[in-house]
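Shown next: my_file.tsv, containing TSV, C-alpha atoms.
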```tsv
chain	number	residue	atom	x	y	z
A	518	MET	CA	123.46	100.95	138.97
A	519	ASN	CA	126.59	100.84	136.85
A	520	LYS	CA	126.66	104.64	136.75
A	521	ARG	CA	127.07	104.75	140.52
A	522	GLU	CA	130.31	102.82	140.19
A	523	PHE	CA	132.06	106.18	139.64
A	524	ILE	CA	131.81	106.97	143.31
A	525	LYS	CA	132.66	103.48	144.43
A	526	ALA	CA	136.00	103.05	142.69
A	527	GLY	CA	139.41	102.46	144.23
A	528	LEU	CA	138.38	100.97	147.54
A	529	LEU	CA	140.67	100.11	150.45
A	530	ALA	CA	139.63	98.21	153.54
A	531	GLY	CA	141.33	97.40	156.85
A	532	ILE	CA	140.89	94.59	159.34
A	533	ALA	CA	139.88	95.42	162.91
A	534	SER	CA	141.06	93.20	165.73
A	535	GLN	CA	138.24	93.70	168.21
A	536	LEU	CA	134.83	95.31	168.51
A	537	PRO	CA	134.43	98.61	170.36
A	538	LEU	CA	132.48	99.21	173.49
A	539	LYS	CA	129.03	100.63	172.85
A	540	SER	CA	129.14	104.41	172.45
A	541	ASP	CA	127.02	106.83	174.46
A	542	ALA	CA	124.89	107.31	171.34
A	543	SER	CA	124.35	103.57	171.15
A	544	ALA	CA	123.34	103.38	174.79
A	545	ILE	CA	120.81	106.16	174.26
A	546	ALA	CA	119.40	104.41	171.21
A	547	LEU	CA	119.14	101.06	172.97
A	548	SER	CA	117.46	102.63	175.98
A	549	LYS	CA	114.56	103.67	173.79
A	550	LYS	CA	111.80	101.25	172.89
A	551	LYS	CA	113.43	98.53	170.85
A	552	LYS	CA	112.19	98.28	167.28
A	553	LYS	CA	112.29	95.24	165.07
A	554	LEU	CA	115.50	94.94	163.08
A	555	LYS	CA	115.13	95.64	159.36
A	556	ASN	CA	117.64	94.84	156.63
A	557	TRP	CA	117.63	96.00	153.01
A	558	LEU	CA	119.16	95.40	149.60
A	559	TRP	CA	119.89	97.98	146.89
A	560	ILE	CA	119.40	96.18	143.56
A	561	ALA	CA	118.33	96.79	139.97
A	562	PRO	CA	115.68	94.44	138.56
A	563	ASN	CA	116.96	92.49	135.59
A	564	GLN	CA	114.29	92.22	132.91
A	565	LYS	CA	115.97	89.06	131.60
A	566	ASP	CA	115.06	87.19	134.79
A	567	THR	CA	112.39	84.57	134.22
A	568	ASP	CA	109.25	84.25	136.30
A	569	ASP	CA	110.50	80.87	137.49
A	570	GLU	CA	113.70	82.37	138.94
A	571	LEU	CA	112.16	85.15	140.99
A	572	PRO	CA	110.28	83.29	143.77
A	573	ALA	CA	113.33	81.31	144.90
A	574	ARG	CA	115.59	84.37	144.81
A	575	TYR	CA	113.30	86.57	146.88
A	576	ALA	CA	112.51	83.72	149.25
A	577	SER	CA	116.26	83.33	149.89
A	578	TYR	CA	116.50	87.05	150.70
A	579	LYS	CA	113.59	86.80	153.12
A	580	ALA	CA	115.05	83.71	154.81
A	581	ALA	CA	118.35	85.56	155.34
A	582	GLY	CA	116.66	88.37	157.25
A	583	ILE	CA	116.17	90.85	154.43
A	584	THR	CA	113.09	92.96	155.13
A	585	GLY	CA	112.81	94.99	151.96
A	586	ILE	CA	114.26	95.82	148.57
A	587	PHE	CA	115.22	99.20	147.12
A	588	PHE	CA	114.63	98.67	143.39
A	589	GLU	CA	116.49	101.11	141.15
A	590	ALA	CA	114.00	100.71	138.31
A	591	ASP	CA	110.31	99.99	138.05
A	592	SER	CA	109.37	96.39	137.27
A	593	GLU	CA	105.93	95.28	138.34
A	594	ARG	CA	106.94	91.66	137.82
A	595	HIS	CA	109.88	91.91	140.22
A	596	PHE	CA	108.00	94.01	142.75
A	597	ARG	CA	105.08	91.60	142.93
A	598	ALA	CA	107.37	88.57	143.11
A	599	ALA	CA	109.21	90.13	146.05
A	600	LYS	CA	105.95	91.08	147.79
A	601	ALA	CA	104.71	87.52	147.38
A	602	GLN	CA	107.66	86.40	149.52
A	603	GLY	CA	106.85	88.91	152.26
A	604	LEU	CA	109.37	91.61	151.31
A	605	GLU	CA	108.73	95.36	151.28
A	606	THR	CA	109.16	96.88	147.82
A	607	HIS	CA	110.48	100.43	147.56
A	608	ARG	CA	111.26	102.40	144.41
A	609	TRP	CA	114.79	103.77	144.48
A	610	MET	CA	114.72	107.19	142.75
A	611	TRP	CA	117.49	109.51	141.65
A	612	THR	CA	116.39	112.90	142.94
A	613	PHE	CA	118.46	115.97	141.96
A	614	ASN	CA	120.91	114.23	139.63
A	615	ARG	CA	118.67	113.85	136.56
A	616	ALA	CA	119.61	114.28	132.91
A	617	GLU	CA	116.25	113.93	131.22
A	618	LEU	CA	115.48	117.67	131.23
A	619	VAL	CA	118.76	118.98	129.79
A	620	THR	CA	117.23	119.64	126.38
A	621	THR	CA	113.77	120.83	127.39
A	622	ASN	CA	114.62	122.80	130.55
A	623	PRO	CA	118.35	123.61	130.62
A	624	ASP	CA	117.70	126.60	132.90
A	625	TRP	CA	116.63	124.23	135.69
A	626	TYR	CA	120.18	122.97	136.17
A	627	SER	CA	122.70	124.12	138.76
A	628	LYS	CA	125.58	126.49	138.05
A	629	ASN	CA	128.94	126.42	139.78
A	630	ARG	CA	130.83	129.32	141.29
A	631	ASN	CA	132.40	130.01	137.88
A	632	GLY	CA	128.93	130.40	136.35
A	633	GLU	CA	129.12	127.12	134.39
A	634	SER	CA	125.93	125.04	134.14
A	635	CYS	CA	126.08	121.29	134.59
A	636	ALA	CA	123.46	121.12	131.82
A	637	ASP	CA	126.27	121.56	129.29
A	638	LYS	CA	129.41	121.21	131.42
A	639	PRO	CA	128.87	118.41	133.94
A	640	PRO	CA	131.52	117.99	136.66
A	641	TYR	CA	133.60	114.82	137.08
A	642	VAL	CA	131.51	112.55	134.84
A	643	ASN	CA	129.07	113.06	132.00
A	644	TYR	CA	125.98	111.85	133.87
A	645	TYR	CA	126.38	114.41	136.68
A	646	ARG	CA	123.49	116.75	135.77
A	647	TRP	CA	122.20	118.43	138.90
A	648	LEU	CA	118.85	120.19	139.16
A	649	CYS	CA	118.70	123.41	141.19
A	650	PRO	CA	116.61	122.94	144.36
A	651	SER	CA	115.87	126.69	144.61
A	652	ARG	CA	113.54	126.56	141.63
A	653	PRO	CA	109.86	125.94	142.46
A	654	GLU	CA	109.37	124.18	139.14
A	655	VAL	CA	112.07	121.64	140.07
A	656	GLN	CA	110.34	120.90	143.35
A	657	GLN	CA	107.01	120.53	141.57
A	658	TYR	CA	108.56	118.20	139.01
A	659	LEU	CA	109.98	115.95	141.73
A	660	GLU	CA	106.72	115.99	143.67
A	661	LYS	CA	104.90	114.74	140.56
A	662	GLN	CA	107.51	112.02	140.05
A	663	VAL	CA	107.07	110.76	143.61
A	664	SER	CA	103.29	110.93	143.49
A	665	ASP	CA	103.16	108.98	140.22
A	666	ILE	CA	105.47	106.29	141.63
A	667	LEU	CA	103.49	105.89	144.85
A	668	ASP	CA	100.17	105.68	143.03
A	669	LYS	CA	101.14	102.11	142.07
A	670	ASP	CA	99.74	99.52	144.44
A	671	TYR	CA	102.75	97.21	144.22
A	672	ILE	CA	105.13	99.90	145.53
A	673	ASP	CA	105.40	100.23	149.32
A	674	GLY	CA	107.60	103.30	149.53
A	675	ILE	CA	109.99	105.75	147.92
A	676	HIS	CA	113.76	105.66	148.47
A	677	LEU	CA	115.58	108.89	147.56
A	678	ASP	CA	119.12	108.92	146.19
A	679	TYR	CA	121.33	111.78	144.94
A	680	VAL	CA	119.27	113.96	147.26
A	681	ARG	CA	121.94	116.63	147.60
A	682	TYR	CA	124.18	119.03	145.74
A	683	CYS	CA	127.08	117.91	143.59
A	684	ASP	CA	130.17	116.80	145.52
A	685	VAL	CA	132.16	119.91	146.29
A	686	ILE	CA	134.68	117.49	147.82
A	687	LEU	CA	135.05	113.91	146.65
A	688	PRO	CA	136.00	111.06	148.98
A	689	VAL	CA	139.77	111.19	149.36
A	690	ASN	CA	140.32	107.87	147.62
A	691	LEU	CA	139.00	109.37	144.36
A	692	TRP	CA	141.32	112.37	144.22
A	693	ALA	CA	144.06	110.44	142.44
A	694	LYS	CA	141.54	108.89	140.02
A	695	TYR	CA	140.45	112.35	138.84
A	696	ASN	CA	143.83	114.03	139.38
A	697	ILE	CA	142.28	116.51	141.82
A	698	ASP	CA	143.57	118.05	145.03
A	699	GLN	CA	140.49	118.99	147.04
A	700	THR	CA	142.10	120.09	150.26
A	701	LYS	CA	140.09	123.27	149.62
A	702	GLU	CA	136.77	123.88	147.89
A	703	LEU	CA	137.32	124.55	144.19
A	704	PRO	CA	134.90	126.87	142.35
A	705	GLN	CA	134.22	124.47	139.47
A	706	TYR	CA	132.70	121.93	141.88
A	707	ASP	CA	130.86	124.34	144.17
A	708	TYR	CA	127.10	124.62	143.37
A	709	CYS	CA	124.61	126.33	142.97
A	710	TYR	CA	125.24	129.98	142.06
A	711	CYS	CA	122.42	130.53	139.55
A	712	ASP	CA	120.38	133.73	139.47
A	713	VAL	CA	117.47	132.13	141.35
A	714	CYS	CA	119.74	131.00	144.19
A	715	ARG	CA	121.36	134.43	144.41
A	716	ALA	CA	118.00	136.20	144.51
A	717	LYS	CA	116.51	133.87	147.14
A	718	PHE	CA	119.63	134.15	149.28
A	719	LYS	CA	119.43	137.96	149.18
A	720	GLU	CA	115.72	137.80	150.01
A	721	GLN	CA	116.37	135.64	153.08
A	722	TYR	CA	119.60	137.20	154.38
A	723	GLY	CA	119.68	140.70	152.89
A	724	ILE	CA	123.11	140.02	151.41
A	725	GLU	CA	124.29	140.00	147.82
A	726	LEU	CA	126.19	136.77	147.32
A	727	SER	CA	128.64	138.62	145.09
A	728	ASP	CA	129.52	140.88	148.04
A	729	ILE	CA	130.80	137.95	150.09
A	730	GLN	CA	134.56	137.71	149.57
A	731	TYR	CA	134.77	134.02	150.44
A	732	PRO	CA	131.36	132.45	149.80
A	733	GLU	CA	132.77	128.98	150.41
A	734	ALA	CA	133.38	130.07	154.02
A	735	SER	CA	130.01	131.78	154.54
A	736	LEU	CA	127.92	129.99	157.17
A	737	SER	CA	124.73	131.70	155.99
A	738	TRP	CA	125.30	130.60	152.39
A	739	ARG	CA	125.99	127.05	153.56
A	740	LEU	CA	122.84	127.00	155.71
A	741	PHE	CA	120.81	128.34	152.80
A	742	ARG	CA	121.81	125.32	150.73
A	743	TYR	CA	121.20	122.81	153.55
A	744	ASN	CA	117.69	124.20	153.90
A	745	ASN	CA	117.11	124.14	150.15
A	746	ILE	CA	117.55	120.37	150.05
A	747	SER	CA	115.66	119.83	153.31
A	748	ARG	CA	112.66	121.81	152.06
A	749	VAL	CA	112.28	119.59	149.00
A	750	VAL	CA	112.82	116.36	150.93
A	751	ASN	CA	110.21	117.28	153.51
A	752	SER	CA	107.76	118.15	150.75
A	753	LEU	CA	108.31	114.72	149.19
A	754	SER	CA	107.88	113.17	152.64
A	755	ALA	CA	104.47	114.81	153.00
A	756	ILE	CA	103.43	113.30	149.67
A	757	ALA	CA	104.60	109.84	150.69
A	758	HIS	CA	102.68	110.03	153.94
A	759	GLN	CA	99.57	111.25	152.13
A	760	HIS	CA	99.81	108.02	150.16
A	761	LYS	CA	100.29	106.18	153.49
A	762	LYS	CA	103.62	104.90	152.28
A	763	LEU	CA	107.17	105.05	153.60
A	764	ILE	CA	109.98	107.37	152.59
A	765	THR	CA	113.69	106.66	153.13
A	766	ALA	CA	116.91	108.04	151.69
A	767	ALA	CA	120.45	106.98	150.83
A	768	VAL	CA	122.76	109.64	152.26
A	769	PHE	CA	126.42	110.37	152.88
A	770	PRO	CA	127.97	108.40	155.74
A	771	THR	CA	127.86	110.84	158.65
A	772	PRO	CA	126.10	114.15	159.32
A	773	GLU	CA	129.45	115.97	159.26
A	774	VAL	CA	130.65	114.42	155.99
A	775	ALA	CA	127.24	114.99	154.37
A	776	ARG	CA	127.17	118.70	155.22
A	777	ARG	CA	130.78	119.32	154.28
A	778	ASN	CA	130.99	117.31	151.06
A	779	VAL	CA	127.53	117.66	149.50
A	780	ARG	CA	125.50	120.23	151.56
A	781	GLN	CA	123.20	117.51	152.87
A	782	ASP	CA	121.66	117.95	156.33
A	783	TRP	CA	119.86	114.62	156.65
A	784	THR	CA	119.35	114.63	160.42
A	785	ASN	CA	116.72	117.35	159.94
A	786	TRP	CA	114.65	115.52	157.34
A	787	LYS	CA	111.21	114.02	157.96
A	788	LEU	CA	111.83	110.41	157.01
A	789	ASP	CA	110.85	106.91	158.05
A	790	GLY	CA	114.43	105.74	157.86
A	791	VAL	CA	117.84	106.68	156.52
A	792	CYS	CA	120.59	104.58	154.93
A	793	PRO	CA	123.96	106.31	155.29
A	794	MET	CA	126.37	104.90	152.72
A	795	ILE	CA	129.11	103.96	155.16
A	796	TYR	CA	131.48	102.74	152.46
A	797	HIS	CA	134.65	102.72	154.52
A	798	GLY	CA	136.96	101.79	151.67
A	799	PHE	CA	136.74	104.93	149.60
A	800	TYR	CA	137.27	107.09	152.69
A	801	LYS	CA	140.42	105.03	153.38
A	802	GLU	CA	139.05	103.94	156.75
A	803	LYS	CA	139.17	100.62	158.53
A	804	VAL	CA	136.12	98.43	159.09
A	805	SER	CA	135.86	99.77	162.64
A	806	TRP	CA	134.94	103.21	161.25
A	807	ILE	CA	131.51	101.77	160.41
A	808	GLY	CA	130.76	101.77	164.13
A	809	ASP	CA	131.99	105.34	164.52
A	810	ALA	CA	129.84	106.56	161.63
A	811	VAL	CA	126.74	104.77	162.93
A	812	ALA	CA	127.26	106.15	166.44
A	813	GLU	CA	127.52	109.72	165.11
A	814	GLY	CA	124.37	109.40	163.04
A	815	VAL	CA	122.35	107.77	165.83
A	816	HIS	CA	123.46	110.48	168.24
A	817	PHE	CA	122.31	113.37	166.05
A	818	LEU	CA	119.07	111.67	165.00
A	819	ALA	CA	118.17	111.31	168.69
A	820	GLY	CA	115.57	108.65	167.95
A	821	GLU	CA	113.61	110.62	165.33
A	822	PHE	CA	113.79	107.75	162.84
A	823	PRO	CA	115.89	104.60	162.41
A	824	LEU	CA	119.31	104.43	160.80
A	825	TYR	CA	120.23	101.47	158.59
A	826	ALA	CA	123.96	101.20	157.94
A	827	GLY	CA	124.69	101.08	154.21
A	828	LEU	CA	127.48	98.58	153.51
A	829	TYR	CA	129.24	98.21	150.16
A	830	LEU	CA	129.98	94.52	149.75
A	831	SER	CA	133.12	95.06	147.65
A	832	ASP	CA	134.67	96.98	150.55
A	833	PHE	CA	135.02	93.76	152.53
A	834	LYS	CA	138.03	91.60	151.74
A	835	SER	CA	136.89	88.53	153.66
A	836	ASP	CA	133.88	86.97	155.31
A	837	ASP	CA	135.33	87.91	158.69
A	838	GLU	CA	135.47	91.59	157.69
A	839	LEU	CA	131.83	91.51	156.64
A	840	ARG	CA	130.88	89.91	159.95
A	841	GLN	CA	132.77	92.63	161.78
A	842	GLY	CA	131.15	95.37	159.71
A	843	ILE	CA	127.66	94.15	160.53
A	844	GLN	CA	128.56	93.80	164.21
A	845	TYR	CA	130.05	97.29	164.38
A	846	ALA	CA	126.88	98.72	162.86
A	847	LEU	CA	124.42	96.92	165.12
A	848	LYS	CA	126.40	97.34	168.35
A	849	ASN	CA	126.52	101.09	167.79
A	850	GLY	CA	122.79	101.55	167.36
A	851	ALA	CA	121.91	100.77	163.72
A	852	ALA	CA	118.39	99.39	163.28
A	853	GLY	CA	119.71	97.10	160.56
A	854	VAL	CA	121.94	97.18	157.50
A	855	SER	CA	121.45	97.86	153.80
A	856	LEU	CA	123.70	95.98	151.40
A	857	PHE	CA	124.90	97.29	148.04
A	858	GLY	CA	126.05	94.57	145.68
A	859	ASN	CA	124.98	91.14	144.51
A	860	PRO	CA	124.81	88.98	147.66
A	861	SER	CA	125.96	85.38	147.34
A	862	GLN	CA	124.40	82.67	149.46
A	863	GLN	CA	127.47	82.89	151.71
A	864	ILE	CA	126.83	86.59	152.27
A	865	LEU	CA	123.16	85.92	152.99
A	866	ASP	CA	124.16	83.25	155.52
A	867	ILE	CA	126.50	85.73	157.25
A	868	LEU	CA	123.75	88.34	157.40
A	869	LYS	CA	121.33	85.84	158.93
A	870	GLN	CA	123.88	84.70	161.51
A	871	GLU	CA	125.04	88.16	162.55
A	872	THR	CA	121.60	89.73	162.83
A	873	ALA	CA	119.87	86.81	164.53
A	874	GLY	CA	120.77	87.97	168.03
A	875	PHE	CA	119.50	91.56	167.68
```

Please render this file's structure as structure tokens.
Amino acid sequence: MNKREFIKAGLLAGIASQLPLKSDASAIALSKKKKKLKNWLWIAPNQKDTDDELPARYASYKAAGITGIFFEADSERHFRAAKAQGLETHRWMWTFNRAELVTTNPDWYSKNRNGESCADKPPYVNYYRWLCPSRPEVQQYLEKQVSDILDKDYIDGIHLDYVRYCDVILPVNLWAKYNIDQTKELPQYDYCYCDVCRAKFKEQYGIELSDIQYPEASLSWRLFRYNNISRVVNSLSAIAHQHKKLITAAVFPTPEVARRNVRQDWTNWKLDGVCPMIYHGFYKEKVSWIGDAVAEGVHFLAGEFPLYAGLYLSDFKSDDELRQGIQYALKNGAAGVSLFGNPSQQILDILKQETAGF
């Protein structure tokens, strides 16, 4: 989890004075058959935990209204301890951002508009090594990973992360950190322009990518990349459902931000739930923006599957802000929240209090 801290640095939060009226999207969502609220935690199992510690910890999560855990690593001991307390156990998997194949299969990695491969020249940070979704062998590799994970009886589902292209645009609060002005799309961060992508694009659209003067402005080229990610996700979804297990994903905060920043079209995926990372601080937004982001996502999902608002605990500067954030999410149609961070008992108490009435 510490690697993800790159994209969670430099956070700024605001305090909202009152809650908004329910949006039209919220009203539509609430008019549908009401589903049971579900709340989640993103955590990494600590192998130093003793067997005596685990039952009380997971029991406290369950008592606070947590429904399930997204575990970033496999640990049968932790998974079974959580299941014993009535929690769902899902394996949280990095999808396209994977470094383990750099030596054996460097050709599988994405290239930017300058022709540079992130296998040997990763953007932003060293661990950013993005697989190319156009390659059938990449899809097959990921399908095998998911199938192997879900073969384990103590795992209830798969939770996809980094299921996108590299950030062509970072959240605005990170521009100063990396000394970047991304008011326009820069070629060194725009992926993927490998030979396989170029050939498949020409096959589908009858256009040479090199003939497009401004590929960053091409709607066809953008759609091609949306569909690339969606194809792989929906293939992984079919595998999960063959195993009779659930599939969810951590995604960028709104459909518009996801498409623009990382070519991620998550409203068209076949999932059992989605967790938009509505981390208001690093978009320099106030707490009230959580409600806006939830309402947008709920509107475009149109009831296809539930949305759980991802909240970054370090974004909130007080208990009152956290209460407001949870309320904004639920009042605008979220089917629950997913918390990133180590929740104290005080945070668990707030979660229990604020979700009790929904």

### Atomic distance CA of Ile764 in chain A - CA of Ile675 in chain A, expressed in Å with one decimal
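Computing the Euclidean distance for CA of Ile764 in chain A and CA of Ile675 in chain A yields 4.9 Å.
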
Find the spatial neighbours of Leu830 in chain A, counting all atoms listed in the file, within a cut-off of 9 Å - ignore same-chain residues fewer than 2 positions away - and output them as a PDB file with C-alpha atoms, in the coordinates of the input.
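See around03.pdb below for the written result:
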```pdb
ATOM      1  CA  TYR A 796     131.480 102.740 152.460  1.00  0.00           C
ATOM      2  CA  LEU A 828     127.480  98.580 153.510  1.00  0.00           C
ATOM      3  CA  ASP A 832     134.670  96.980 150.550  1.00  0.00           C
ATOM      4  CA  PHE A 833     135.020  93.760 152.530  1.00  0.00           C
ATOM      5  CA  LYS A 834     138.030  91.600 151.740  1.00  0.00           C
ATOM      6  CA  LEU A 839     131.830  91.510 156.640  1.00  0.00           C
ATOM      7  CA  LEU A 856     123.700  95.980 151.400  1.00  0.00           C
ATOM      8  CA  PHE A 857     124.900  97.290 148.040  1.00  0.00           C
ATOM      9  CA  GLY A 858     126.050  94.570 145.680  1.00  0.00           C
ATOM     10  CA  ASN A 859     124.980  91.140 144.510  1.00  0.00           C
ATOM     11  CA  PRO A 860     124.810  88.980 147.660  1.00  0.00           C
ATOM     12  CA  ILE A 864     126.830  86.590 152.270  1.00  0.00           C
TER      13      ILE A 864
END
```

### Surrounding residues of Glu725 in chain A excluding itself and chain neighbours under 4 positions, 9 Å, all atoms listed in the file, as a PyMOL selection string
chain A and resi 715-716+718-719+729

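Counting all atoms listed in the file, Tyr743 in chain A has the following residues at most 10 Å away, ignoring those fewer than 6 positions along the same chain: Arg681, Tyr682, Ser737, Ala775, Arg776, Val779, Arg780, Gln781, Asp782, Trp783 and Asn785 of chain A.
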
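Straight-line separation from CA of Gln844 in chain A to CA of Ile867 in chain A: 10.9 Å.
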
### Task
Record the distance separating CA of Ile807 in chain A and CA of Ile843 in chain A, expressed in Å with one decimal.
8.5 Å

### Message
So, with only C-alpha atoms as the atoms that count, which of A:Gly603, A:Pro650, A:Gly632, A:Pro688 lies closest to Thr584 in chain A?
### Response
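Selected residue with least distance to Thr584 in chain A: A:Gly603.
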
Residue neighbourhood range 641-645 of chain A, 9 Å, only C-alpha atoms, exclusion window fewer than 3 positions, as a PDB file with C-alpha atoms, in the coordinates of the input:
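Writing the result to selection27.pdb gives the following:
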```pdb
ATOM      1  CA  LYS A 520     126.660 104.640 136.750  1.00  0.00           C
ATOM      2  CA  PHE A 523     132.060 106.180 139.640  1.00  0.00           C
ATOM      3  CA  ASN A 614     120.910 114.230 139.630  1.00  0.00           C
ATOM      4  CA  ARG A 615     118.670 113.850 136.560  1.00  0.00           C
ATOM      5  CA  ALA A 616     119.610 114.280 132.910  1.00  0.00           C
ATOM      6  CA  CYS A 635     126.080 121.290 134.590  1.00  0.00           C
ATOM      7  CA  ALA A 636     123.460 121.120 131.820  1.00  0.00           C
ATOM      8  CA  LYS A 638     129.410 121.210 131.420  1.00  0.00           C
ATOM      9  CA  CYS A 683     127.080 117.910 143.590  1.00  0.00           C
ATOM     10  CA  TYR A 695     140.450 112.350 138.840  1.00  0.00           C
ATOM     11  CA  TYR A 706     132.700 121.930 141.880  1.00  0.00           C
TER      12      TYR A 706
END
```

### Task
Write out as a PyMOL selection string each polymer residue whose atoms come within 9 Å of Phe875 in chain A, counting only C-alpha atoms; drop sequence neighbours fewer than 4 positions from it.
chain A and resi 553-554+847+871

### Task
Determine the nearest neighbour of Thr620 in chain A from the options A:Asp728, A:Asp637, A:Asp712, A:Glu570, counting only C-alpha atoms.
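Of A:Asp728, A:Asp637, A:Asp712, A:Glu570, the one nearest Thr620 in chain A is A:Asp637, counting only C-alpha atoms.
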
#### Entry: Counting all atoms listed in the file, the residue of A:His676, A:Arg840, A:Arg652, A:Lys600 that sits nearest Lys762 in chain A
A:His676

## Note on the structure
Of A:Val774, A:Tyr710, A:Glu617, A:Lys717, the one sitting nearest Val689 in chain A when using all atoms listed in the file is A:Val774

Return the padded bounding box of range 790-808 of chain A as JSON: axis-aligned, built from all atoms listed in the file, 4 Å added on each side, with centre and edge lengths in Å to one decimal.
```
{"center_x": 127.4, "center_y": 102.8, "center_z": 156.9, "size_x": 34.0, "size_y": 16.7, "size_z": 22.5}
```

### Query
With only C-alpha atoms as the atoms that count, which of A:Gln662, A:Asp789, A:Thr872, A:Phe613 lies nearest to Asn745 in chain A?
A:Phe613

Quick one: which range 624-698 of chain A residues come within 12 Å of range 590-594 of chain A, and what is the nearest atom pair for each with the distance in Å to one decimal, counting all atoms listed in the file, rows ordered by chain and ascending number, as JSON lines?
```
{"residue": "A:Asp665", "atom": "CA", "partner": "A:Asp591", "partner_atom": "CA", "distance": 11.7}
{"residue": "A:Ile666", "atom": "CA", "partner": "A:Asp591", "partner_atom": "CA", "distance": 8.7}
{"residue": "A:Leu667", "atom": "CA", "partner": "A:Asp591", "partner_atom": "CA", "distance": 11.3}
{"residue": "A:Lys669", "atom": "CA", "partner": "A:Glu593", "partner_atom": "CA", "distance": 9.1}
{"residue": "A:Asp670", "atom": "CA", "partner": "A:Glu593", "partner_atom": "CA", "distance": 9.7}
{"residue": "A:Tyr671", "atom": "CA", "partner": "A:Glu593", "partner_atom": "CA", "distance": 7.0}
{"residue": "A:Ile672", "atom": "CA", "partner": "A:Glu593", "partner_atom": "CA", "distance": 8.6}
{"residue": "A:Ile675", "atom": "CA", "partner": "A:Asp591", "partner_atom": "CA", "distance": 11.4}
{"residue": "A:His676", "atom": "CA", "partner": "A:Ala590", "partner_atom": "CA", "distance": 11.3}
```

Could you turn the residues from that selection into a file that holds C-alpha atoms, as an mmCIF file, keeping the file's coordinate frame?
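Wrote it out as again20.cif, contents follow:
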```cif
data_model
loop_
_atom_site.group_PDB
_atom_site.id
_atom_site.type_symbol
_atom_site.label_atom_id
_atom_site.label_comp_id
_atom_site.auth_asym_id
_atom_site.auth_seq_id
_atom_site.Cartn_x
_atom_site.Cartn_y
_atom_site.Cartn_z
ATOM 1 C CA ASP A 665 103.160 108.980 140.220
ATOM 2 C CA ILE A 666 105.470 106.290 141.630
ATOM 3 C CA LEU A 667 103.490 105.890 144.850
ATOM 4 C CA LYS A 669 101.140 102.110 142.070
ATOM 5 C CA ASP A 670 99.740 99.520 144.440
ATOM 6 C CA TYR A 671 102.750 97.210 144.220
ATOM 7 C CA ILE A 672 105.130 99.900 145.530
ATOM 8 C CA ILE A 675 109.990 105.750 147.920
ATOM 9 C CA HIS A 676 113.760 105.660 148.470
#
```
